[in-house]
Structures are given as C-alpha cells and as structure tokens.
$ cat query38.tsv   # TSV, C-alpha atoms
chain	number	residue	atom	x	y	z
V	1	MET	CA	100.44	-50.11	32.78
V	2	PRO	CA	100.30	-50.56	36.58
V	3	HIS	CA	103.27	-52.14	38.27
V	4	THR	CA	103.21	-55.03	40.71
V	5	LEU	CA	105.34	-55.34	43.82
V	6	ALA	CA	107.42	-57.91	41.93
V	7	THR	CA	108.23	-55.41	39.17
V	8	ALA	CA	108.56	-52.10	41.02
V	9	PRO	CA	109.30	-50.90	44.55
V	10	VAL	CA	106.97	-49.06	46.87
V	11	MET	CA	108.16	-45.49	47.24
V	12	VAL	CA	108.24	-44.43	50.90
V	13	LEU	CA	108.49	-40.64	51.07
V	14	ASN	CA	109.29	-38.66	54.20
V	15	GLY	CA	108.98	-34.92	54.55
V	16	PRO	CA	110.74	-32.27	56.59
V	17	ASN	CA	112.51	-33.05	59.84
V	18	LEU	CA	112.03	-36.80	59.55
V	19	ASN	CA	115.78	-37.10	59.00
V	20	LEU	CA	115.90	-36.39	62.76
V	21	LEU	CA	113.53	-39.22	63.64
V	22	GLY	CA	114.65	-40.83	66.88
V	23	LYS	CA	116.39	-37.65	68.02
V	24	ARG	CA	113.72	-34.95	67.66
V	25	GLN	CA	110.89	-34.95	70.20
V	26	PRO	CA	111.12	-38.66	71.10
V	27	GLU	CA	108.20	-38.18	73.48
V	28	ILE	CA	106.02	-37.63	70.38
V	29	TYR	CA	107.82	-39.54	67.63
V	30	GLY	CA	109.63	-42.30	69.54
V	31	THR	CA	113.24	-43.38	69.42
V	32	ASP	CA	113.25	-45.39	66.18
V	33	THR	CA	115.31	-43.82	63.41
V	34	LEU	CA	114.51	-43.48	59.73
V	35	ALA	CA	116.93	-46.38	59.11
V	36	ASP	CA	114.79	-48.47	61.49
V	37	VAL	CA	111.68	-47.45	59.53
V	38	GLU	CA	113.36	-48.42	56.28
V	39	ALA	CA	114.22	-51.88	57.66
V	40	MET	CA	110.64	-52.37	58.89
V	41	CYS	CA	109.20	-51.31	55.53
V	42	ALA	CA	111.63	-53.52	53.61
V	43	LYS	CA	110.59	-56.52	55.69
V	44	ALA	CA	106.89	-55.76	55.15
V	45	ALA	CA	107.36	-55.37	51.38
V	46	ALA	CA	109.47	-58.54	51.15
V	47	ALA	CA	106.60	-60.50	52.72
V	48	HIS	CA	104.61	-59.52	49.61
V	49	GLY	CA	107.45	-60.17	47.14
V	50	GLY	CA	108.46	-56.53	46.89
V	51	THR	CA	110.97	-53.90	47.87
V	52	VAL	CA	110.89	-50.30	49.05
V	53	ASP	CA	112.60	-47.13	47.92
V	54	LEU	CA	112.73	-44.91	51.02
V	55	ARG	CA	113.60	-41.24	50.62
V	56	GLN	CA	113.51	-38.14	52.83
V	57	SER	CA	113.70	-34.47	51.99
V	58	ASN	CA	113.25	-31.20	53.78
V	59	HIS	CA	112.42	-29.60	50.40
V	60	GLU	CA	108.90	-29.53	49.00
V	61	GLY	CA	109.98	-29.42	45.35
V	62	GLU	CA	112.15	-32.49	45.73
V	63	LEU	CA	109.20	-34.41	47.18
V	64	VAL	CA	107.08	-33.28	44.21
V	65	ASP	CA	109.79	-34.48	41.79
V	66	TRP	CA	109.90	-37.88	43.51
V	67	ILE	CA	106.11	-38.20	43.30
V	68	HIS	CA	106.37	-37.54	39.56
V	69	GLU	CA	109.03	-40.26	39.34
V	70	ALA	CA	106.81	-42.69	41.27
V	71	ARG	CA	104.07	-42.29	38.66
V	72	GLU	CA	106.24	-44.18	36.18
V	73	GLN	CA	108.59	-46.33	38.22
V	74	HIS	CA	106.88	-47.46	41.45
V	75	ALA	CA	104.04	-49.77	42.49
V	76	GLY	CA	102.65	-47.30	45.02
V	77	ILE	CA	103.47	-44.50	47.44
V	78	VAL	CA	103.60	-44.40	51.22
V	79	ILE	CA	104.00	-40.78	52.25
V	80	ASN	CA	104.60	-39.05	55.55
V	81	PRO	CA	104.52	-35.45	54.37
V	82	ALA	CA	105.13	-34.21	57.93
V	83	ALA	CA	104.43	-30.47	58.19
V	84	TYR	CA	103.73	-30.29	54.46
V	85	SER	CA	100.53	-32.26	55.17
V	86	HIS	CA	98.96	-29.06	56.43
V	87	THR	CA	100.35	-26.61	53.90
V	88	SER	CA	101.23	-28.16	50.55
V	89	VAL	CA	98.80	-27.89	47.70
V	90	ALA	CA	101.81	-28.64	45.46
V	91	ILE	CA	102.22	-32.11	46.97
V	92	LEU	CA	98.46	-32.72	46.68
V	93	ASP	CA	98.54	-31.65	43.03
V	94	ALA	CA	101.50	-33.98	42.35
V	95	LEU	CA	99.70	-36.89	44.02
V	96	ASN	CA	96.61	-36.13	41.95
V	97	THR	CA	98.64	-36.88	38.81
V	98	CYS	CA	99.18	-40.45	40.03
V	99	ASP	CA	96.05	-41.98	38.52
V	100	GLY	CA	95.62	-45.58	39.62
V	101	LEU	CA	98.70	-45.53	41.83
V	102	PRO	CA	97.92	-46.48	45.44
V	103	VAL	CA	98.82	-43.74	47.94
V	104	VAL	CA	98.76	-44.22	51.70
V	105	GLU	CA	99.44	-41.31	54.05
V	106	VAL	CA	101.21	-41.97	57.36
V	107	HIS	CA	101.59	-39.88	60.50
V	108	ILE	CA	103.58	-41.22	63.42
V	109	SER	CA	101.60	-39.20	65.94
V	110	ASN	CA	97.83	-38.84	66.04
V	111	ILE	CA	97.51	-35.49	64.30
V	112	HIS	CA	93.91	-35.19	65.49
V	113	GLN	CA	95.04	-35.03	69.12
V	114	ARG	CA	97.55	-32.28	68.46
V	115	GLU	CA	97.33	-28.58	67.66
V	116	ALA	CA	94.27	-27.57	65.64
V	117	PHE	CA	96.31	-26.60	62.56
V	118	ARG	CA	97.52	-30.24	62.31
V	119	HIS	CA	93.98	-31.62	62.07
V	120	HIS	CA	93.73	-30.86	58.33
V	121	SER	CA	95.83	-32.60	55.72
V	122	TYR	CA	95.76	-31.68	52.05
V	123	VAL	CA	97.35	-35.05	51.24
V	124	SER	CA	94.38	-36.90	52.74
V	125	GLN	CA	92.22	-35.62	49.88
V	126	ARG	CA	94.15	-37.93	47.52
V	127	ALA	CA	95.24	-40.74	49.82
V	128	ASP	CA	93.58	-44.14	49.50
V	129	GLY	CA	94.15	-44.56	53.23
V	130	VAL	CA	95.41	-42.56	56.19
V	131	ILE	CA	97.22	-44.08	59.17
V	132	ALA	CA	97.86	-41.85	62.18
V	133	GLY	CA	98.90	-42.39	65.75
V	134	CYS	CA	100.38	-45.88	65.38
V	135	GLY	CA	103.99	-44.79	65.79
V	136	VAL	CA	106.46	-46.03	63.20
V	137	GLN	CA	104.44	-49.26	62.99
V	138	GLY	CA	102.07	-47.19	60.84
V	139	TYR	CA	104.61	-47.39	58.01
V	140	VAL	CA	104.35	-51.19	58.09
V	141	PHE	CA	100.56	-50.97	57.97
V	142	ALA	CA	100.87	-48.55	55.03
V	143	VAL	CA	103.21	-50.81	53.03
V	144	GLU	CA	100.84	-53.72	53.65
V	145	ARG	CA	97.89	-51.62	52.50
V	146	VAL	CA	99.71	-50.59	49.31
V	147	ALA	CA	100.50	-54.27	48.68
V	148	ALA	CA	96.82	-55.16	49.09
V	149	LEU	CA	95.70	-52.36	46.76
V	150	VAL	CA	98.28	-53.33	44.13
V	151	ALA	CA	97.19	-56.99	44.33
V	152	ARG	CA	93.57	-55.95	43.71
V	153	GLY	CA	94.70	-54.15	40.58

$ encode --input "query38.tsv" --output "structure tokens"
Amino acid sequence: MPHTLATAPVMVLNGPNLNLLGKRQPEIYGTDTLADVEAMCAKAAAAHGGTVDLRQSNHEGELVDWIHEAREQHAGIVINPAAYSHTSVAILDALNTCDGLPVVEVHISNIHQREAFRHHSYVSQRADGVIAGCGVQGYVFAVERVAALVARG
C-alpha cells in the first residue's frame, strides 16, 4: 500500500562526494552544505505535512540497500546519484523495483553543459522527473514534486 507524506518520510539520497558539498568545487556546486540541503528539504516536506530522511554514501551498494528500504518505508525518493548517474546499472535496477514509488532525480549542476560523459544518466530511465542546473534549490523542487506525485496517488 502506498504511503502518504503524513505516514512516511521522503528519502533523500546523495551519492559519492556529496559529503563534501560546500567545500568541493564551490564554483560548480556552490557553498551550501549537505546540512543546509537537509534543512531546505525538511522545510519543503513540512509544508506538505511530511518529513525527510536524508542520507549520503560514497558506496554504491549502500545506496542500493537504502533504495530497497525506501520501497517499504518511504513515500518517495529524491536522489542525487552524483557520478553514479553515469555508471550505475545497479542503482537503476534497484529503482526499477520501486513500483509506484515516486522518484525524482536531482543534479546541482546542469549535467548537459558539462563533459560529454555526464550527459547520460541511467537513473533518468526510471525517474518520474529530473531536475538539473538549479543548484541546491533543485532538491526543494524535487521534494515538492514527490509531494505532488504522492498526493495524486
């Protein structure tokens, strides 16, 4: 049975190197930290009667495990797979097990203006929406989109 934002949090997953957000390449990713992103997402979810469960890992398998957990315990997934966007069939396969669960992919930078290898994302094949190039504000847009998709049922 699908969850609502009132009964389950939105899982916000962050891939490799995002633990260094605000410190690593601020000219590309800005100066906001992952804690700032979490606060922004929490505020956005609260406006829809919900909460977030923000996690970050540099390990592909851990992200896969969390996606499996989200299938049962979360209202939706916001995911910034970072470099795994371009390489991880495993993350795509995990997301494909999430039937009916809203998934929104986020990229802080506009991946289509960067190196050619960044133009393709495996995750986009499953995502219900993709937000790129909006800075960390894209996470807020993603949480709001998950809320809208959950409300539609």

$ closest_residue --input "query38.tsv" --among "V:Asp93, V:Ala46, V:Ile28, V:Val64" --to "V:Gly133" --atoms "only C-alpha atoms"
V:Ile28

$ residues_around --input "query38.tsv" --residues "V:Thr97" --least-positions-apart "6" --cutoff "10 Å" --atoms "only C-alpha atoms" --output "count of residues only"
4

$ atom_distance --input "query38.tsv" --atom1 "atom CA of V:Gly49" --atom2 "atom CA of V:Tyr139"
17.0 Å

$ residues_around --input "query38.tsv" --residues "stretch 103-106 of chain V" --least-positions-apart "4" --cutoff "10 Å" --atoms "all atoms listed in the file" --output "MDAnalysis selection string"
chainID V and resid 10:14 75:82 85 95:96 98:99 110 121 123:124 126:146 149

$ closest_residue --input "query38.tsv" --among "V:His120, V:Ala47, V:Asp53, V:Gly30" --to "V:Glu69" --atoms "all atoms listed in the file"
V:Asp53

$ residues_around --input "query38.tsv" --residues "V:Asn17" --least-positions-apart "5" --cutoff "9 Å" --atoms "only C-alpha atoms" --output "PyMOL selection string"
chain V and resi 24+56-58+82-83

$ closest_residue --input "query38.tsv" --among "V:Val52, V:Ala70, V:Leu92, V:Ile111" --to "V:Tyr29" --atoms "all atoms listed in the file"
V:Ile111

$ atom_distance --input "query38.tsv" --atom1 "atom CA of V:Met40" --atom2 "atom CA of V:Ala147"
14.5 Å

$ closest_residue --input "query38.tsv" --among "V:Ala116, V:Leu101, V:Ile108, V:Val89" --to "V:Glu27" --atoms "all atoms listed in the file"
V:Ile108

$ closest_residue --input "query38.tsv" --among "V:Ala148, V:Leu18, V:Leu63, V:Ile91" --to "V:Ala44" --atoms "only C-alpha atoms"
V:Ala148

$ atom_distance --input "query38.tsv" --atom1 "atom CA of V:Ala8" --atom2 "atom CA of V:Trp66"
14.5 Å
